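Novice: Structure incoming, see below.
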Amino acid sequence: MINKICKSIPDALSGIKDGSTVLIGGFGTAGIPNELIDGLIQHGARELTVVNNNAGNGDTGLAALLKAGQVRKIICSFPRQADSYVFDELYRSGKIELELVPQGNLAERLRAAGAGVGAFYTPTGFGTELALNSDGTPKETRHINGKDYVLEYPIYGDVALIKAETGDRWGNLTFRKAARNFGPVMATAAKCTIATVHEVVELGKMDPESIVTPGIFVSRIVEIERVATQAGGFKQTA
Amino acid sequence: MSNYTKRTKQELAQRVAKDIFDGAYVNLGIGQPTLVANYLPEGMEVVLHSENGILGMGEAPLTGEEDYDLINAGKQPVTLLAGGAYFHHADSFAMMRGGHLDISVLGAFQVSATGDLANWSTGEAGAIPAVGGAMDLAVGAKQTWVMMDLLTKKGDSKVVQECSYPLTGLGCVKRIYSDLATLECTTEGLKLIDKVDGLSKEELERLIGLPVHA
């Protein structure tokens, strides 16, 4: 029998090792699996490489994980936000390494990892600073059918932490609105994908036509209470 | 003395909106470009794309009805129109990179006469770099348009021979909509589409410091 439902967040996070690459879903505050991140802080794994679109908002969620000193490197597209002061401070004092990746390349590098693609040529970033390796040498490029492309490699996760809406014991998932963002693609790219859901339903109750992430990409599911997503990532005037 | 008036931000947004066609799939970048949504002609169906996985994005919700699982690229709350859809990030950027979007409207620090774009970093020492979807938006859509003031606050032209700020994309900008003129970027340089009343072509060329072909 397959049963991917975990009783608690510590159960769901068990076995995460120091030095892991952790893919964390979310765009701004939408889709950020705050409960799993809080659990990871409790869990205490260190020297992590975190992949997220941003680098934390305010003092909670990903920002709290950074503040706890558990992250060695972050791979993201948009670290600087109105409320990214935790990251800003760590970055300026040289306590965290940053790999800046154009957002579409980030998504596609995750997709490539999940789809078994060894590397791919993308037009995004050609001729820019982001077509350089971290040591300043140029990434491989190629002229194909009149267009210029940069060679980009997959980003493999040891673990993915994602926030979903509904799940069943086979690991099938649906998402809520634009909180879906990186969730489905990260689920494919990690060895162990852990998802929170607000509702666990009986097998067969999820509409197979509407399942967004099929259970093959999901290792563990944990049910959490629904808490409304908070605003974040922009200057609030009101 | 000059006897012309600059387009206001609203007039500029209106000018851009005028060139968007019925049925177009459009991505409006963060900042000024979002204003364009307010001026799309009535009766026309334009589908707005948001990089974080939305097609058919609607306007801001009423106060008290914000849902922060439904936000735009600037992380502000939005709504979804009837017929709208959600999708994941790899699909969202495939829509850009794959040439499925008709128009991408972006802000800019600098644009070169041949359409190189600089809009993600001023290259300032010590600044925290952030690129987001800028590089994908610049090169992916069928047409990339820039919307900006022609001059910096200091009076320097933002349309240049060669960008001095870090590049976002090479030869990717097709049109520049500015407060003084609308220009086309071509491999041969700038071409004039329109200019505000009272501004001569000579004065425009003087401001930009580059030839503008009629």
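Lettering and numbering for the structure tokens are positional, with chains as A, B, ... in the shown order, residues counted from 1 in each chain, and ligands counted from 1 in the shown order.
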Once you count only C-alpha atoms, which residues of chain B turn out to be within 8 Å of chain A? Could you give them as JSON, numbers by chain?

Specialist: {"B": [52, 53, 54, 67, 68, 69, 70, 71, 74, 75, 76, 86, 87, 88, 89, 90, 93, 94, 97, 126, 128, 129, 130, 131, 132, 133, 134, 135, 136, 139, 140, 166, 167, 168, 169, 170]}

Novice: Which of range 93-230 of chain A end up as helix (DSSP H, G or I) when DSSP is run on this backbone - answer as number ranges by chain?

Specialist: A: 103-115, 129-131, 177-179, 183-189, 215-217

Novice: Using only N, CA and C atoms, please write the residues we just selected to a file, as an mmCIF file, in the first residue's frame.

Specialist:
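Produced file selection.cif, reproduced below:
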data_model
loop_
_atom_site.group_PDB
_atom_site.id
_atom_site.type_symbol
_atom_site.label_atom_id
_atom_site.label_comp_id
_atom_site.auth_asym_id
_atom_site.auth_seq_id
_atom_site.Cartn_x
_atom_site.Cartn_y
_atom_site.Cartn_z
ATOM 1 N N GLN A 103 14.825 34.581 -14.087
ATOM 2 C CA GLN A 103 13.718 33.769 -13.579
ATOM 3 C C GLN A 103 13.312 32.607 -14.505
ATOM 4 N N GLY A 104 13.294 32.869 -15.801
ATOM 5 C CA GLY A 104 12.909 31.814 -16.733
ATOM 6 C C GLY A 104 13.977 30.734 -16.821
ATOM 7 N N ASN A 105 15.243 31.133 -16.709
ATOM 8 C CA ASN A 105 16.320 30.143 -16.697
ATOM 9 C C ASN A 105 16.258 29.309 -15.421
ATOM 10 N N LEU A 106 15.881 29.952 -14.321
ATOM 11 C CA LEU A 106 15.724 29.236 -13.052
ATOM 12 C C LEU A 106 14.649 28.151 -13.212
ATOM 13 N N ALA A 107 13.502 28.547 -13.745
ATOM 14 C CA ALA A 107 12.398 27.602 -13.933
ATOM 15 C C ALA A 107 12.810 26.470 -14.877
ATOM 16 N N GLU A 108 13.502 26.824 -15.961
ATOM 17 C CA GLU A 108 13.850 25.817 -16.964
ATOM 18 C C GLU A 108 14.970 24.903 -16.479
ATOM 19 N N ARG A 109 15.889 25.437 -15.672
ATOM 20 C CA ARG A 109 16.951 24.582 -15.114
ATOM 21 C C ARG A 109 16.345 23.560 -14.156
ATOM 22 N N LEU A 110 15.306 23.954 -13.452
ATOM 23 C CA LEU A 110 14.589 23.007 -12.586
ATOM 24 C C LEU A 110 13.832 21.996 -13.438
ATOM 25 N N ARG A 111 13.204 22.491 -14.488
ATOM 26 C CA ARG A 111 12.452 21.604 -15.379
ATOM 27 C C ARG A 111 13.392 20.573 -16.000
ATOM 28 N N ALA A 112 14.583 21.054 -16.433
ATOM 29 C CA ALA A 112 15.565 20.155 -17.050
ATOM 30 C C ALA A 112 15.970 19.056 -16.066
ATOM 31 N N ALA A 113 16.176 19.446 -14.807
ATOM 32 C CA ALA A 113 16.558 18.469 -13.788
ATOM 33 C C ALA A 113 15.478 17.402 -13.664
ATOM 34 N N GLY A 114 14.222 17.843 -13.644
ATOM 35 C CA GLY A 114 13.112 16.915 -13.473
ATOM 36 C C GLY A 114 12.836 16.069 -14.697
ATOM 37 N N ALA A 115 13.244 16.576 -15.861
ATOM 38 C CA ALA A 115 12.922 15.894 -17.119
ATOM 39 C C ALA A 115 14.099 15.100 -17.662
ATOM 40 N N GLU A 129 25.916 40.009 -18.330
ATOM 41 C CA GLU A 129 26.755 39.553 -17.213
ATOM 42 C C GLU A 129 26.329 38.188 -16.691
ATOM 43 N N LEU A 130 25.057 37.855 -16.873
ATOM 44 C CA LEU A 130 24.568 36.588 -16.325
ATOM 45 C C LEU A 130 24.850 35.412 -17.261
ATOM 46 N N ALA A 131 25.579 35.680 -18.344
ATOM 47 C CA ALA A 131 26.058 34.590 -19.193
ATOM 48 C C ALA A 131 27.504 34.266 -18.833
ATOM 49 N N LYS A 177 -4.594 29.096 -6.945
ATOM 50 C CA LYS A 177 -4.346 30.348 -7.671
ATOM 51 C C LYS A 177 -2.868 30.484 -8.059
ATOM 52 N N ALA A 178 -2.321 31.710 -7.920
ATOM 53 C CA ALA A 178 -0.937 31.931 -8.348
ATOM 54 C C ALA A 178 0.074 31.482 -7.297
ATOM 55 N N ALA A 179 -0.393 30.802 -6.239
ATOM 56 C CA ALA A 179 0.535 30.185 -5.282
ATOM 57 C C ALA A 179 1.133 28.912 -5.883
ATOM 58 N N GLY A 183 5.967 25.474 -7.581
ATOM 59 C CA GLY A 183 5.684 24.193 -6.926
ATOM 60 C C GLY A 183 5.776 22.976 -7.844
ATOM 61 N N PRO A 184 4.973 22.950 -8.919
ATOM 62 C CA PRO A 184 4.977 21.757 -9.770
ATOM 63 C C PRO A 184 6.338 21.449 -10.400
ATOM 64 N N VAL A 185 7.075 22.470 -10.799
ATOM 65 C CA VAL A 185 8.346 22.213 -11.476
ATOM 66 C C VAL A 185 9.412 21.791 -10.456
ATOM 67 N N MET A 186 9.375 22.369 -9.269
ATOM 68 C CA MET A 186 10.316 21.949 -8.226
ATOM 69 C C MET A 186 10.034 20.511 -7.778
ATOM 70 N N ALA A 187 8.750 20.150 -7.758
ATOM 71 C CA ALA A 187 8.384 18.787 -7.350
ATOM 72 C C ALA A 187 9.066 17.746 -8.233
ATOM 73 N N THR A 188 9.254 18.113 -9.519
ATOM 74 C CA THR A 188 9.868 17.145 -10.436
ATOM 75 C C THR A 188 11.383 17.080 -10.263
ATOM 76 N N ALA A 189 11.975 18.144 -9.693
ATOM 77 C CA ALA A 189 13.435 18.311 -9.730
ATOM 78 C C ALA A 189 14.158 17.801 -8.489
ATOM 79 N N GLY A 215 1.234 12.128 -8.305
ATOM 80 C CA GLY A 215 1.936 11.631 -7.126
ATOM 81 C C GLY A 215 3.324 11.077 -7.345
ATOM 82 N N ILE A 216 3.668 10.672 -8.545
ATOM 83 C CA ILE A 216 5.012 10.132 -8.804
ATOM 84 C C ILE A 216 6.101 11.141 -8.433
ATOM 85 N N PHE A 217 5.780 12.433 -8.498
ATOM 86 C CA PHE A 217 6.756 13.485 -8.189
ATOM 87 C C PHE A 217 6.772 13.873 -6.713
#

Novice: Which is closest to Arg220 in chain A among A:Ala82, A:Leu90, A:Val200, A:Ile194, if we use only C-alpha atoms?

Specialist: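 Closest candidate: A:Ile194.
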
Novice: How many Å separate CA of Ser157 in chain B from CA of Ala113 in chain B?

Specialist: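 These two atoms are separated by 11.4 Å.
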
Novice: Applying 10 Å and only C-alpha atoms, which residues near range 14-21 of chain A remain after dropping the ones on its own chain fewer than 2 positions away? List them as an MDAnalysis selection string.

Specialist: chainID A and resid 9:12 23:24 39:40 43:51 70:75 155:160 190 192

Novice: Would you please extract all strand (DSSP E or B) residues from range 15-180 of chain B, as assigned by DSSP on the backbone, and give them as a PyMOL selection string?

Specialist: chain B and resi 25-28+47-50+54-58+71+77+79-86+103-106+110-112+117-118+143-148+151+157+159-160+169+173-178

Novice: Would you work out the distance separating CA of Ile208 in chain B from CA of Asn119 in chain B, expressed in Å to one decimal?

Specialist: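 Atom-to-atom, CA of Ile208 in chain B and CA of Asn119 in chain B are spaced 18.2 Å apart.
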
Novice: For range 189-193 of chain B, please output as an NGL selection string all residues within 9 Å (counting only C-alpha atoms; exclusion window: fewer than 5 positions along the same chain).

Specialist: :B and (112-115 or 161 or 175 or 181-184 or 201 or 210-214)

Novice: Write the residues of the preceding selection, restricted to C-alpha atoms, as an mmCIF file, in the first residue's frame.

Specialist:
data_model
loop_
_atom_site.group_PDB
_atom_site.id
_atom_site.type_symbol
_atom_site.label_atom_id
_atom_site.label_comp_id
_atom_site.auth_asym_id
_atom_site.auth_seq_id
_atom_site.Cartn_x
_atom_site.Cartn_y
_atom_site.Cartn_z
ATOM 1 C CA SER B 112 20.589 51.712 -27.760
ATOM 2 C CA ALA B 113 19.618 52.888 -31.236
ATOM 3 C CA THR B 114 19.828 49.277 -32.414
ATOM 4 C CA GLY B 115 17.610 47.974 -29.598
ATOM 5 C CA GLN B 161 24.629 54.765 -29.161
ATOM 6 C CA ARG B 175 9.981 50.374 -30.155
ATOM 7 C CA ALA B 181 8.648 60.787 -29.131
ATOM 8 C CA THR B 182 7.950 57.258 -30.285
ATOM 9 C CA LEU B 183 10.942 55.666 -31.978
ATOM 10 C CA GLU B 184 11.682 52.415 -33.738
ATOM 11 C CA LYS B 201 13.139 66.545 -35.599
ATOM 12 C CA LEU B 210 21.978 60.588 -32.526
ATOM 13 C CA PRO B 211 20.451 60.773 -35.997
ATOM 14 C CA VAL B 212 16.741 59.933 -36.202
ATOM 15 C CA HIS B 213 15.581 58.770 -39.615
ATOM 16 C CA ALA B 214 12.182 59.984 -40.807
#

Novice: Find the residues near Ser84 in chain A: any atom within 8 Å, counting only C-alpha atoms, skip ones fewer than 6 places away on the same chain, and give them as a PyMOL selection string.

Specialist: chain A and resi 55-58+63+233

Novice: Show me a table, sorted first by chain and then by increasing residue number, of the residues of range 74-139 of chain B having an atom at most 12 Å from range 5-18 of chain B, each with its shortest atom pair and the distance in Å to one decimal, counting only C-alpha atoms and written as CSV.

Specialist:
residue,atom,partner,partner_atom,distance
B:Ile103,CA,B:Val16,CA,10.9
B:Ser104,CA,B:Val16,CA,11.3
B:Val105,CA,B:Val16,CA,8.8
B:Leu106,CA,B:Val16,CA,11.2
B:Gly107,CA,B:Ala13,CA,11.8

Novice: Could you save the residues just selected, with C-alpha atoms, as an mmCIF file, in the first residue's frame?

Specialist:
data_model
loop_
_atom_site.group_PDB
_atom_site.id
_atom_site.type_symbol
_atom_site.label_atom_id
_atom_site.label_comp_id
_atom_site.auth_asym_id
_atom_site.auth_seq_id
_atom_site.Cartn_x
_atom_site.Cartn_y
_atom_site.Cartn_z
ATOM 1 C CA ILE B 103 3.940 42.216 -26.772
ATOM 2 C CA SER B 104 6.133 42.772 -23.748
ATOM 3 C CA VAL B 105 6.223 46.341 -22.396
ATOM 4 C CA LEU B 106 9.198 47.167 -20.162
ATOM 5 C CA GLY B 107 10.740 50.119 -18.392
#
